[in-house]
>>> print(open('coords17.cif').read())   # mmCIF, C-alpha atoms
data_final
#
loop_
_atom_site.label_atom_id
_atom_site.label_comp_id
_atom_site.auth_asym_id
_atom_site.auth_seq_id
_atom_site.Cartn_x
_atom_site.Cartn_y
_atom_site.Cartn_z
CA MET T 1 2.61 23.85 -9.17
CA SER T 2 6.27 23.63 -8.13
CA LEU T 3 8.29 24.19 -4.97
CA ASP T 4 11.66 25.64 -4.11
CA THR T 5 14.77 23.47 -4.15
CA PRO T 6 15.09 21.43 -0.94
CA GLU T 7 17.60 22.17 1.81
CA MET T 8 21.21 20.94 1.57
CA LEU T 9 23.42 19.70 4.39
CA GLU T 10 27.18 19.89 4.74
CA ILE T 11 29.04 16.67 5.62
CA PRO T 12 32.33 18.23 6.83
CA ASP T 13 34.68 15.28 6.31
CA GLY T 14 32.63 13.71 3.55
CA THR T 15 33.18 10.16 4.80
CA GLU T 16 30.68 7.33 4.50
CA ASN T 17 30.72 6.83 8.27
CA GLU T 18 29.88 10.49 8.83
CA LEU T 19 27.05 10.30 6.28
CA HIS T 20 25.54 7.20 7.83
CA GLU T 21 25.87 8.58 11.35
CA LEU T 22 24.03 11.74 10.27
CA PHE T 23 21.24 9.70 8.69
CA HIS T 24 21.01 7.50 11.77
CA GLN T 25 20.78 10.53 14.08
CA ARG T 26 18.01 12.09 12.01
CA GLY T 27 16.02 8.87 11.69
CA TRP T 28 16.55 8.73 7.94
CA GLY T 29 17.30 5.70 5.80
CA ASP T 30 16.12 2.09 6.05
CA GLY T 31 19.04 0.80 8.13
CA LEU T 32 21.13 -0.20 5.13
CA PRO T 33 24.00 1.83 3.67
CA ILE T 34 22.84 4.58 1.33
CA ILE T 35 24.40 6.52 -1.52
CA ALA T 36 24.96 10.20 -0.73
CA PRO T 37 22.41 12.36 -2.60
CA THR T 38 24.87 14.98 -3.83
CA ARG T 39 23.83 17.72 -6.24
CA ASN T 40 25.69 16.09 -9.14
CA ARG T 41 24.12 12.68 -8.60
CA VAL T 42 20.64 14.13 -8.29
CA GLU T 43 21.16 16.23 -11.44
CA GLU T 44 22.28 13.11 -13.29
CA MET T 45 19.19 11.24 -12.05
CA LEU T 46 16.99 14.10 -13.26
CA SER T 47 18.69 14.21 -16.67
CA ILE T 48 16.22 11.65 -18.00
CA SER T 49 13.41 14.16 -17.34
CA GLU T 50 15.07 16.95 -19.28
CA GLY T 51 12.70 19.76 -20.06
CA LEU T 52 10.37 18.93 -17.18
CA ASP T 53 10.18 21.03 -14.03
CA PRO T 54 12.21 19.18 -11.34
CA ASP T 55 10.21 20.90 -8.63
CA GLU T 56 6.79 19.99 -10.00
CA ILE T 57 4.63 18.40 -7.32
CA ILE T 58 3.99 14.78 -8.26
CA ALA T 59 2.24 13.67 -5.07
CA THR T 60 1.36 14.83 -1.56
CA LEU T 61 1.81 11.88 0.73
CA PRO T 62 0.07 11.14 4.04
CA PRO T 63 0.33 11.00 6.99
CA ARG T 64 2.94 13.80 6.95
CA SER T 65 1.43 15.57 3.93
CA GLY T 66 4.95 15.37 2.53
CA ILE T 67 5.40 16.85 -0.91
CA ALA T 68 7.07 14.57 -3.46
CA THR T 69 8.48 16.71 -6.23
CA ARG T 70 10.34 15.13 -9.13
CA ARG T 71 13.58 16.32 -7.49
CA MET T 72 12.65 14.86 -4.09
CA ILE T 73 11.85 11.55 -5.77
CA ALA T 74 15.23 11.72 -7.54
CA ILE T 75 17.04 12.41 -4.24
CA ASN T 76 15.59 9.27 -2.69
CA ALA T 77 16.21 7.33 -5.91
CA VAL T 78 19.91 8.21 -5.70
CA MET T 79 20.01 7.08 -2.08
CA ALA T 80 18.37 3.77 -2.99
CA GLY T 81 20.80 3.05 -5.83
CA CYS T 82 18.50 3.70 -8.79
CA LYS T 83 19.73 4.61 -12.25
CA PRO T 84 18.20 7.46 -14.28
CA GLU T 85 16.15 5.07 -16.42
CA HIS T 86 14.29 3.99 -13.26
CA LEU T 87 13.09 7.50 -12.43
CA PRO T 88 10.03 7.55 -14.77
CA VAL T 89 8.88 4.26 -13.24
CA LEU T 90 9.32 5.69 -9.77
CA VAL T 91 7.55 8.97 -10.58
CA SER T 92 4.65 6.98 -12.07
CA ALA T 93 4.52 4.76 -8.99
CA LEU T 94 4.17 7.88 -6.84
CA ARG T 95 1.29 9.08 -9.03
CA ALA T 96 -0.40 5.70 -8.51
CA LEU T 97 0.21 5.80 -4.74
CA ASN T 98 -1.37 9.27 -4.66
CA SER T 99 -4.68 7.93 -6.05
CA PRO T 100 -7.44 8.23 -3.43
CA GLU T 101 -8.53 4.60 -3.86
CA VAL T 102 -5.11 3.41 -2.62
CA ASN T 103 -5.91 4.98 0.77
CA LEU T 104 -2.22 5.61 1.44
CA ARG T 105 -2.92 7.18 4.83
CA GLY T 106 -4.35 3.87 6.00
CA VAL T 107 -1.69 1.80 4.22
CA ASN T 108 1.10 3.75 5.89
CA ALA T 109 -0.42 4.04 9.33
CA THR T 110 -1.99 0.62 9.93
CA THR T 111 -0.79 -2.03 12.39
CA HIS T 112 -0.97 -4.55 9.49
CA CYS T 113 2.20 -5.62 7.65
CA VAL T 114 1.12 -4.10 4.31
CA ALA T 115 3.64 -2.78 1.79
CA PRO T 116 2.95 -1.35 -1.67
CA LEU T 117 3.97 -3.87 -4.34
CA LEU T 118 5.17 -2.12 -7.49
CA ILE T 119 4.68 -4.13 -10.70
CA VAL T 120 6.42 -2.81 -13.83
CA HIS T 121 4.81 -3.58 -17.19
CA GLY T 122 5.89 -3.38 -20.81
CA LYS T 123 8.68 -1.42 -22.44
CA ALA T 124 9.79 0.33 -19.23
CA ALA T 125 10.49 -3.08 -17.70
CA LYS T 126 12.81 -3.99 -20.58
CA ASP T 127 14.41 -0.54 -20.88
CA GLY T 128 15.10 -0.39 -17.15
CA HIS T 129 16.40 -3.99 -17.04
CA TYR T 130 13.83 -5.05 -14.47
CA ASN T 131 13.80 -8.76 -13.70
CA SER T 132 10.63 -10.58 -14.70
CA GLY T 133 12.31 -13.99 -14.91
CA LEU T 134 13.96 -16.35 -12.46
CA GLY T 135 13.96 -14.84 -8.98
CA ALA T 136 11.81 -11.90 -10.06
CA PHE T 137 10.86 -10.95 -6.49
CA GLY T 138 14.56 -10.88 -5.64
CA PRO T 139 17.28 -10.70 -4.72
CA GLY T 140 20.00 -9.80 -7.17
CA ASN T 141 18.59 -7.31 -9.66
CA VAL T 142 19.49 -3.62 -9.36
CA ALA T 143 16.32 -2.26 -10.98
CA ASN T 144 13.85 -4.27 -8.87
CA ALA T 145 15.80 -3.85 -5.64
CA ALA T 146 16.62 -0.15 -5.99
CA THR T 147 13.23 1.00 -7.33
CA GLY T 148 11.37 -0.89 -4.62
CA ARG T 149 13.76 0.50 -2.03
CA ALA T 150 13.26 4.03 -3.34
CA VAL T 151 9.48 3.68 -2.91
CA ARG T 152 10.06 2.74 0.73
CA LEU T 153 12.56 5.55 1.34
CA ILE T 154 10.06 8.08 -0.07
CA LEU T 155 7.30 6.69 2.15
CA HIS T 156 9.68 6.89 5.12
CA HIS T 157 11.17 10.31 4.47
CA VAL T 158 8.50 12.23 2.57
CA ALA T 159 5.26 10.55 3.67
CA GLY T 160 6.48 10.18 7.26
CA ALA T 161 5.71 6.45 7.42
CA SER T 162 8.44 5.86 9.96
CA PRO T 163 8.06 2.93 12.36
CA GLY T 164 6.44 4.10 15.57
CA ILE T 165 5.62 7.56 14.18
CA GLY T 166 3.64 7.33 10.95
CA ASP T 167 3.82 3.54 10.57
CA ALA T 168 2.22 1.50 13.36
CA SER T 169 2.92 -1.93 11.80
CA THR T 170 3.04 -4.43 14.66
CA GLN T 171 5.80 -6.58 13.20
CA GLY T 172 6.77 -4.72 10.04
CA SER T 173 7.62 -6.80 6.98
CA PRO T 174 10.61 -7.67 4.82
CA ALA T 175 8.43 -6.35 1.96
CA LYS T 176 8.81 -2.89 3.52
CA TYR T 177 12.48 -2.80 2.48
CA SER T 178 11.85 -3.25 -1.23
CA TYR T 179 8.87 -4.73 -3.09
CA CYS T 180 9.10 -4.45 -6.85
CA VAL T 181 8.72 -7.00 -9.63
CA ALA T 182 8.29 -6.92 -13.40
CA GLU T 183 5.59 -8.67 -15.38
CA ASN T 184 6.89 -11.42 -17.66
CA LEU T 185 5.11 -10.22 -20.76
CA ASP T 186 6.92 -12.66 -23.09
CA SER T 187 5.56 -15.59 -21.09
CA SER T 188 2.08 -14.22 -20.51
CA PRO T 189 -0.37 -16.18 -22.68
CA TRP T 190 -3.05 -13.51 -22.24
CA GLY T 191 -1.06 -10.39 -23.10
CA GLY T 192 -0.12 -7.70 -20.62
CA TYR T 193 -1.83 -7.10 -17.31
CA ALA T 194 -2.07 -3.32 -17.77
CA ARG T 195 -4.00 -3.67 -21.03
CA SER T 196 -6.39 -6.08 -19.29
CA GLU T 197 -7.08 -3.22 -16.89
CA GLY T 198 -7.79 -0.84 -19.76
CA ILE T 199 -4.43 0.98 -19.80
CA ASP T 200 -3.46 1.39 -23.44
CA ALA T 201 0.22 2.32 -23.04
CA GLU T 202 3.50 0.67 -23.98
CA SER T 203 4.68 0.98 -20.35
CA ALA T 204 2.72 1.02 -17.12
CA VAL T 205 3.05 0.42 -13.40
CA THR T 206 0.66 -1.14 -10.91
CA ILE T 207 0.54 -0.51 -7.18
CA HIS T 208 -1.07 -3.19 -5.02
CA CYS T 209 -0.89 -2.68 -1.26
CA GLY T 210 -0.69 -6.13 0.23
CA GLU T 211 1.22 -8.71 2.19
CA ALA T 212 4.45 -10.41 1.21
CA PRO T 213 3.90 -13.29 -1.27
CA HIS T 214 2.31 -16.57 -0.10
CA ASN T 215 3.79 -19.47 -2.06
CA VAL T 216 1.75 -21.88 -4.23
CA HIS T 217 3.63 -25.05 -5.09
CA ASP T 218 2.35 -27.47 -7.74
CA MET T 219 4.90 -29.66 -9.53
CA GLU T 220 2.64 -32.26 -11.02
CA SER T 221 -0.61 -30.98 -12.47
CA SER T 222 -1.34 -30.88 -16.18
CA GLU T 223 -4.82 -29.43 -15.74
CA PRO T 224 -5.60 -25.95 -14.40
CA SER T 225 -8.02 -26.95 -11.64
CA ARG T 226 -5.44 -28.82 -9.55
CA ILE T 227 -3.07 -25.85 -9.65
CA LEU T 228 -5.81 -23.38 -8.94
CA ASP T 229 -7.20 -25.42 -6.04
CA LYS T 230 -3.85 -24.76 -4.37
CA VAL T 231 -4.09 -21.07 -5.25
CA ALA T 232 -7.54 -21.05 -3.63
CA SER T 233 -6.09 -22.79 -0.59
CA ALA T 234 -3.43 -20.07 -0.23
CA MET T 235 -6.21 -17.47 -0.46
CA THR T 236 -8.24 -19.11 2.27
CA SER T 237 -6.65 -18.54 5.63
CA TRP T 238 -8.02 -16.65 8.60
CA GLY T 239 -4.81 -14.73 9.23
CA GLN T 240 -5.00 -12.45 6.22
CA ASN T 241 -7.01 -9.21 6.14
CA ASN T 242 -9.07 -10.46 3.20
CA ALA T 243 -10.85 -12.79 5.63
CA PRO T 244 -12.77 -10.08 7.51
CA ILE T 245 -12.69 -7.46 4.70
CA SER T 246 -14.68 -8.57 1.67
CA GLN T 247 -13.65 -5.70 -0.63
CA GLY T 248 -9.99 -6.76 -0.55
CA GLU T 249 -8.27 -7.78 -3.76
CA TYR T 250 -5.89 -10.68 -4.38
CA PHE T 251 -3.01 -10.59 -6.82
CA ILE T 252 -2.10 -14.00 -8.20
CA ALA T 253 1.40 -14.02 -9.66
CA LEU T 254 1.46 -17.11 -11.86
CA CYS T 255 4.79 -18.56 -12.92
CA PRO T 256 5.09 -19.05 -16.70
CA GLU T 257 4.64 -22.82 -16.46
CA HIS T 258 1.43 -22.63 -14.41
CA ALA T 259 0.17 -19.90 -16.75
CA ALA T 260 0.97 -22.07 -19.80
CA THR T 261 -0.89 -25.03 -18.29
CA CYS T 262 -3.97 -22.84 -17.77
CA ALA T 263 -3.80 -21.23 -21.22
CA SER T 264 -3.12 -24.47 -23.11
CA ASN T 265 -6.34 -25.83 -21.59
CA GLY T 266 -8.20 -22.82 -22.93
CA TRP T 267 -8.49 -20.88 -19.67
CA SER T 268 -8.49 -17.09 -19.81
CA ARG T 269 -7.64 -14.64 -17.02
CA SER T 270 -11.34 -14.32 -16.17
CA ASP T 271 -11.77 -18.12 -16.18
CA ILE T 272 -9.02 -18.36 -13.58
CA ALA T 273 -10.49 -15.54 -11.49
CA SER T 274 -13.98 -17.09 -11.63
CA TYR T 275 -12.66 -20.51 -10.67
CA VAL T 276 -10.67 -19.41 -7.63
CA PHE T 277 -13.49 -17.05 -6.62
CA ASN T 278 -15.74 -20.10 -6.39
CA LYS T 279 -13.12 -22.31 -4.73
CA ALA T 280 -11.68 -19.87 -2.17
CA ILE T 281 -14.72 -20.13 0.09
CA VAL T 282 -15.26 -20.34 3.83
CA ASN T 283 -18.08 -21.27 6.16
CA VAL T 284 -20.00 -18.17 7.26
CA GLY T 285 -20.46 -19.37 10.83
CA GLU T 286 -16.73 -20.04 11.15
CA ALA T 287 -16.00 -16.56 9.80
CA ARG T 288 -18.37 -15.00 12.35
CA LYS T 289 -16.68 -17.02 15.08
CA ALA T 290 -13.24 -15.89 13.94
CA PHE T 291 -13.96 -12.14 13.62
CA GLU T 292 -16.12 -9.79 15.65
CA LEU T 293 -15.05 -6.93 13.39
CA ARG T 294 -16.17 -7.63 9.84
CA ALA T 295 -16.15 -5.29 6.85
CA TRP T 296 -18.49 -7.32 4.65
CA ALA T 297 -20.66 -6.45 1.69
CA PRO T 298 -24.34 -6.04 2.68
CA TRP T 299 -25.35 -9.33 1.09
CA GLN T 300 -22.85 -11.23 3.21
CA HIS T 301 -24.48 -10.09 6.45
CA ALA T 302 -27.68 -11.82 5.35
CA LEU T 303 -26.00 -15.23 4.98
CA LYS T 304 -26.79 -17.99 7.46
CA ASP T 305 -24.07 -19.56 9.60
CA SER T 306 -24.50 -22.79 7.65
CA ASP T 307 -23.85 -21.02 4.32
CA THR T 308 -20.51 -20.63 2.57
CA MET T 309 -19.13 -17.45 1.05
CA PRO T 310 -16.16 -16.42 -1.09
CA MET T 311 -13.09 -14.74 0.45
CA THR T 312 -13.71 -11.63 -1.65
CA GLU T 313 -17.01 -10.16 -2.74
CA LYS T 314 -16.57 -10.43 -6.54
CA PRO T 315 -14.32 -12.22 -9.08
CA GLU T 316 -13.08 -8.85 -10.40
CA ASN T 317 -11.14 -8.47 -7.13
CA ILE T 318 -8.88 -11.32 -8.25
CA LYS T 319 -6.04 -9.99 -10.43
CA ILE T 320 -3.72 -12.22 -12.44
CA PHE T 321 -0.31 -11.53 -13.94
CA VAL T 322 2.69 -13.64 -14.94
CA THR T 323 6.16 -13.36 -13.49
CA GLY T 324 9.11 -15.61 -12.74
CA GLY T 325 11.21 -18.15 -14.60
CA ALA T 326 11.48 -21.91 -14.92
CA GLY T 327 9.86 -23.99 -12.20
CA LYS T 328 6.42 -24.49 -10.75
CA HIS T 329 5.96 -22.00 -7.97
CA SER T 330 3.38 -19.24 -8.16
CA CYS T 331 2.21 -16.97 -5.36
CA VAL T 332 -0.78 -15.20 -3.92
CA ILE T 333 -0.47 -11.65 -2.61
CA PRO T 334 -3.38 -10.84 -0.30
CA SER T 335 -4.46 -7.27 0.23
CA TRP T 336 -4.41 -5.01 3.25
CA GLY T 337 -8.13 -4.79 2.53
CA MET T 338 -9.25 -1.15 2.63
CA THR T 339 -7.35 -0.28 -0.53
CA LYS T 340 -7.64 -0.78 -4.28
CA SER T 341 -4.86 -1.45 -6.75
CA VAL T 342 -4.10 1.24 -9.33
CA THR T 343 -2.45 0.90 -12.76
CA VAL T 344 -1.16 4.00 -14.55
CA PRO T 345 0.90 4.59 -17.71
CA VAL T 346 4.57 5.35 -17.21
CA ALA T 347 5.17 9.06 -17.71
CA PRO T 348 8.29 10.99 -16.74
CA MET S 1 30.53 16.97 0.77
CA GLU S 2 27.12 18.57 0.48
CA ILE S 3 23.93 16.49 0.23
CA TYR S 4 20.23 17.11 -0.21
CA THR S 5 17.92 16.42 2.73
CA PRO S 6 15.59 13.58 1.76
CA ASN S 7 12.27 14.59 3.29
CA GLY S 8 11.30 17.92 1.73
CA ASN S 9 8.44 20.23 2.50
CA THR S 10 5.02 19.48 3.85
CA GLY S 11 1.73 20.68 2.45
CA GLU S 12 -1.17 22.14 4.33
CA PRO S 13 -2.77 19.67 6.75
CA GLU S 14 -6.11 18.41 5.46
CA ARG S 15 -7.73 19.13 8.82
CA SER S 16 -6.72 21.12 11.86
CA LEU S 17 -7.90 20.69 15.43
CA SER S 18 -10.47 23.09 16.78
CA PRO S 19 -9.23 25.41 19.52
CA PRO S 20 -9.64 23.96 23.04
CA LEU S 21 -12.86 24.86 24.84
CA PRO S 22 -12.39 26.93 28.01
CA LEU S 23 -15.21 25.18 29.89
CA LEU S 24 -16.80 21.76 29.31
CA THR S 25 -19.57 21.97 31.90
CA GLY S 26 -22.99 21.80 30.35
CA LEU S 27 -21.78 21.02 26.83
CA SER S 28 -23.07 18.01 24.93
CA LEU S 29 -20.64 15.18 24.19
CA GLY S 30 -20.68 12.83 21.21
CA ILE S 31 -18.67 9.68 20.62
CA LEU S 32 -17.10 8.70 17.30
CA ASP S 33 -16.35 4.99 17.67
CA ASN S 34 -13.90 3.59 15.10
CA THR S 35 -15.34 0.08 15.78
CA LYS S 36 -11.97 -1.42 16.71
CA PRO S 37 -12.28 -4.02 19.51
CA ASN S 38 -12.82 -2.29 22.87
CA ALA S 39 -12.96 1.22 21.37
CA GLY S 40 -16.61 1.54 22.36
CA VAL S 41 -15.90 0.32 25.91
CA LEU S 42 -13.01 2.77 26.33
CA LEU S 43 -14.87 5.75 24.89
CA ASP S 44 -18.09 5.02 26.82
CA ARG S 45 -16.22 4.83 30.13
CA LEU S 46 -14.30 7.99 29.41
CA ALA S 47 -17.54 9.76 28.53
CA ASP S 48 -19.08 8.60 31.83
CA ARG S 49 -16.08 9.91 33.77
CA LEU S 50 -16.23 13.26 32.02
CA SER S 51 -19.95 13.47 32.62
CA ASP S 52 -19.46 12.79 36.34
CA ARG S 53 -16.53 15.16 36.78
CA VAL S 54 -17.39 18.19 34.69
CA GLY S 55 -21.05 17.79 33.91
CA LEU S 56 -20.87 17.05 30.19
CA LYS S 57 -24.15 15.76 28.79
CA ILE S 58 -23.66 12.55 26.82
CA GLY S 59 -25.31 12.76 23.43
CA LEU S 60 -25.15 10.45 20.44
CA THR S 61 -22.63 7.82 19.35
CA GLU S 62 -21.61 7.47 15.72
CA THR S 63 -19.38 4.82 14.17
CA LYS S 64 -16.80 4.80 11.38
CA ASN S 65 -14.47 2.31 9.74
CA ALA S 66 -11.08 2.38 11.48
CA ALA S 67 -9.14 2.43 8.21
CA LEU S 68 -11.09 5.18 6.48
CA ALA S 69 -11.96 8.80 7.19
CA ALA S 70 -15.35 9.38 8.79
CA PRO S 71 -18.07 9.91 6.16
CA THR S 72 -19.17 13.53 5.68
CA GLU S 73 -22.71 12.77 6.84
CA VAL S 74 -21.36 11.40 10.14
CA LEU S 75 -19.26 14.52 10.67
CA ASN S 76 -22.20 16.75 9.76
CA THR S 77 -24.46 14.96 12.22
CA LEU S 78 -21.92 15.27 15.02
CA SER S 79 -21.27 18.93 14.31
CA LYS S 80 -25.01 19.69 14.44
CA GLU S 81 -25.85 17.59 17.49
CA VAL S 82 -22.90 17.93 19.90
CA GLN S 83 -20.22 20.41 20.89
CA VAL S 84 -17.50 18.00 21.98
CA VAL S 85 -16.51 14.68 20.34
CA LEU S 86 -14.50 11.85 21.85
CA THR S 87 -12.69 9.68 19.32
CA GLY S 88 -9.43 7.84 18.72
CA SER S 89 -8.69 4.26 19.59
CA ALA S 90 -6.64 1.62 17.83
CA ASP S 91 -6.51 -2.14 18.42
#
>>> encode(input="coords17.cif", output="structure tokens")
Amino acid sequence: MSLDTPEMLEIPDGTENELHELFHQRGWGDGLPIIAPTRNRVEEMLSISEGLDPDEIIATLPPRSGIATRRMIAINAVMAGCKPEHLPVLVSALRALNSPEVNLRGVNATTHCVAPLLIVHGKAAKDGHYNSGLGAFGPGNVANAATGRAVRLILHHVAGASPGIGDASTQGSPAKYSYCVAENLDSSPWGGYARSEGIDAESAVTIHCGEAPHNVHDMESSEPSRILDKVASAMTSWGQNNAPISQGEYFIALCPEHAATCASNGWSRSDIASYVFNKAIVNVGEARKAFELRAWAPWQHALKDSDTMPMTEKPENIKIFVTGGAGKHSCVIPSWGMTKSVTVPVAP
Amino acid sequence: MEIYTPNGNTGEPERSLSPPLPLLTGLSLGILDNTKPNAGVLLDRLADRLSDRVGLKIGLTETKNAALAAPTEVLNTLSKEVQVVLTGSAD
């Protein structure tokens, strides 16, 4: 199904000030300067999808039920500063966000500080010049910054996730400006993340709706357990939504050096997930004292106050990928909770 | 300079509100509690006020997760058992 071409607006003097004033008045944009989405720029953005219907509906986004066509995605991509080679990644990210298990209505509307993290895998990461090395979470790379920003602009403009209207986030988050990273496939001892999730494609994207990264610093360990004890520590705090919501996932973004330490000791992805599942535990009585509102698995309700329990209900909720450059800092990205990550192949 | 607008069209809403009822007196009232802290307190008190003022009969209370849509069985139960539902409360 496709839609008609969207409305166009005349900017009489065509100045940047006039453009930004118009966007400000209409509640558009993220507060930063934007690039004018002129017909020529949007056509150039769409040129990478030649032969495909620009007005095909890619996603219908809550809470506004906004329709994201390929052209509408391209308009916001231009505004964010994307290049044409980023458009297939962005279109694929919108398909992932549209998956029911993401629960985008809740993600957009909650008081929590959640933002969709976009992880780019494989050939698309190289072709689009996404940064998977030093400083992968930013700043400084056009692909990461602009693609992540375009996701946010689409959620703001098309989905209606505007602060105070469709987005009730109490404090917001810097991750709501732009939140995109590439997987460091060359430094991943276990192969690509997408293939570990059963996606057999040369390029893929993952959407994980979570908090901004929580740092894990370990400069000295030569065995996995000492590093992963710190990962488990970062996973075990009462402030994150995973604490009262047992179905929540964790993404662990290991730096290449921490990943190499684990792999050289013979640890696989599932070994790491099993270990931190068993180490990121809390006292049940303390959890009951901390939260009156608990979304737990049935078996957790049967536990005694003196028992311990893991921060998430199963090891499969712990997802591991490699990103970053030299140094010994990894991070944990807790979930909003009532959402599941989705990985899809990149398709234009 | 001419630019595209960045928000586009909207699709059909997934749900629409029922038309307002002309008279509440004598109707049965259900509560759909989203289980957020104090939602039950707020909705119970509002139900009591409505019962006192316009003679609504308080029926059953159902619960749902605040972050998810109400399950179909909950909606079916409410639609069979009551004619008016009170819901909606955040943190």
>>> residues_around(input="coords17.cif", residues="Pro116 of chain T", least_positions_apart="6", cutoff="8 Å", atoms="all atoms listed in the file", output="MDAnalysis selection string")
chainID T and resid 176 179 207:210
>>> atom_distance(input="coords17.cif", atom1="atom CA of Glu257 of chain T", atom2="atom CA of Val344 of chain T")
27.5 Å
>>> resolve_selection(input="coords17.cif", expression="the PyMOL selection byres ((chain S and resi 40-43) around 10)", output="PyMOL selection string")
chain S and resi 30-39+44-49+61+63+86-89
>>> interface_residues(input="coords17.cif", of="chain S", to="chain T", cutoff="12 Å", atoms="all atoms listed in the file", output="PyMOL selection string")
chain S and resi 1-15+34-39+64-69+90-91
>>> axis_aligned_box(input="coords17.cif", around="segment 315-333 of chain T", padding_each_side="8 Å", output="AutoDock Vina command-line options")
--center_x -1.4 --center_y -16.5 --center_z -8.8 --size_x 41.8 --size_y 32.0 --size_z 28.3
>>> resolve_selection(input="coords17.cif", expression="the PyMOL selection byres ((chain S and resi 56) around 6)", output="list in words")
Thr25, Gly26, Leu27, Ser28, Ser51, Val54, Gly55 and Lys57 of chain S
>>> closest_residue(input="coords17.cif", among="T:Asn283, T:Thr343, T:Ser92, T:Asn242", to="Ser306 of chain T", atoms="all atoms listed in the file")
T:Asn283
>>> resolve_selection(input="coords17.cif", expression="the PyMOL selection byres ((chain S and resi 78) around 10)", output="PyMOL selection string")
chain S and resi 29-32+59-62+72-77+79-85
>>> residues_around(input="coords17.cif", residues="Pro224 of chain T", least_positions_apart="6", cutoff="10 Å", atoms="only C-alpha atoms", output="MDAnalysis selection string")
chainID T and resid 258:267 272 275
>>> write_last_selection(input="coords17.cif", atoms="C-alpha atoms", output="PDB file, in the coordinates of the input")
ATOM      1  CA  HIS T 258       1.430 -22.630 -14.410  1.00  0.00           C
ATOM      2  CA  ALA T 259       0.170 -19.900 -16.750  1.00  0.00           C
ATOM      3  CA  ALA T 260       0.970 -22.070 -19.800  1.00  0.00           C
ATOM      4  CA  THR T 261      -0.890 -25.030 -18.290  1.00  0.00           C
ATOM      5  CA  CYS T 262      -3.970 -22.840 -17.770  1.00  0.00           C
ATOM      6  CA  ALA T 263      -3.800 -21.230 -21.220  1.00  0.00           C
ATOM      7  CA  SER T 264      -3.120 -24.470 -23.110  1.00  0.00           C
ATOM      8  CA  ASN T 265      -6.340 -25.830 -21.590  1.00  0.00           C
ATOM      9  CA  GLY T 266      -8.200 -22.820 -22.930  1.00  0.00           C
ATOM     10  CA  TRP T 267      -8.490 -20.880 -19.670  1.00  0.00           C
ATOM     11  CA  ILE T 272      -9.020 -18.360 -13.580  1.00  0.00           C
ATOM     12  CA  TYR T 275     -12.660 -20.510 -10.670  1.00  0.00           C
TER      13      TYR T 275
END
>>> atom_distance(input="coords17.cif", atom1="atom CA of Pro20 of chain S", atom2="atom CA of Ala70 of chain S")
21.2 Å
>>> atom_distance(input="coords17.cif", atom1="atom CA of Val276 of chain T", atom2="atom CA of Trp299 of chain T")
19.8 Å
>>> residues_near_point(input="coords17.cif", point="(10.6, -6.7, -12.2)", cutoff="9 Å", atoms="all atoms listed in the file", output="ChimeraX atom specification")
/T:118-121,125,129-133,136-138,141,143-145,180-184,323
>>> closest_residue(input="coords17.cif", among="T:Leu87, T:Val102, T:Ala80, T:Leu228", to="Arg152 of chain T", atoms="only C-alpha atoms")
T:Ala80
>>> closest_residue(input="coords17.cif", among="T:Gly31, T:Pro348, T:Lys289, T:Glu220", to="Pro84 of chain T", atoms="all atoms listed in the file")
T:Pro348
>>> residues_around(input="coords17.cif", residues="Glu249 of chain T", least_positions_apart="2", cutoff="9 Å", atoms="only C-alpha atoms", output="ChimeraX atom specification")
/T:208,210,242,246-247,251,312,316-319,333-337,339-341
>>> write_last_selection(input="coords17.cif", atoms="C-alpha atoms", output="mmCIF file, keeping the file's coordinate frame")
data_model
loop_
_atom_site.group_PDB
_atom_site.id
_atom_site.type_symbol
_atom_site.label_atom_id
_atom_site.label_comp_id
_atom_site.auth_asym_id
_atom_site.auth_seq_id
_atom_site.Cartn_x
_atom_site.Cartn_y
_atom_site.Cartn_z
ATOM 1 C CA HIS T 208 -1.070 -3.190 -5.020
ATOM 2 C CA GLY T 210 -0.690 -6.130 0.230
ATOM 3 C CA ASN T 242 -9.070 -10.460 3.200
ATOM 4 C CA SER T 246 -14.680 -8.570 1.670
ATOM 5 C CA GLN T 247 -13.650 -5.700 -0.630
ATOM 6 C CA PHE T 251 -3.010 -10.590 -6.820
ATOM 7 C CA THR T 312 -13.710 -11.630 -1.650
ATOM 8 C CA GLU T 316 -13.080 -8.850 -10.400
ATOM 9 C CA ASN T 317 -11.140 -8.470 -7.130
ATOM 10 C CA ILE T 318 -8.880 -11.320 -8.250
ATOM 11 C CA LYS T 319 -6.040 -9.990 -10.430
ATOM 12 C CA ILE T 333 -0.470 -11.650 -2.610
ATOM 13 C CA PRO T 334 -3.380 -10.840 -0.300
ATOM 14 C CA SER T 335 -4.460 -7.270 0.230
ATOM 15 C CA TRP T 336 -4.410 -5.010 3.250
ATOM 16 C CA GLY T 337 -8.130 -4.790 2.530
ATOM 17 C CA THR T 339 -7.350 -0.280 -0.530
ATOM 18 C CA LYS T 340 -7.640 -0.780 -4.280
ATOM 19 C CA SER T 341 -4.860 -1.450 -6.750
#
>>> residues_around(input="coords17.cif", residues="Thr236 of chain T", least_positions_apart="2", cutoff="10 Å", atoms="all atoms listed in the file", output="PyMOL selection string")
chain T and resi 230-234+238-240+242-243+279-282+310-311+334
>>> residues_around(input="coords17.cif", residues="Ala175 of chain T", least_positions_apart="2", cutoff="9 Å", atoms="only C-alpha atoms", output="ChimeraX atom specification")
/T:113-117,172-173,177-179,211-213
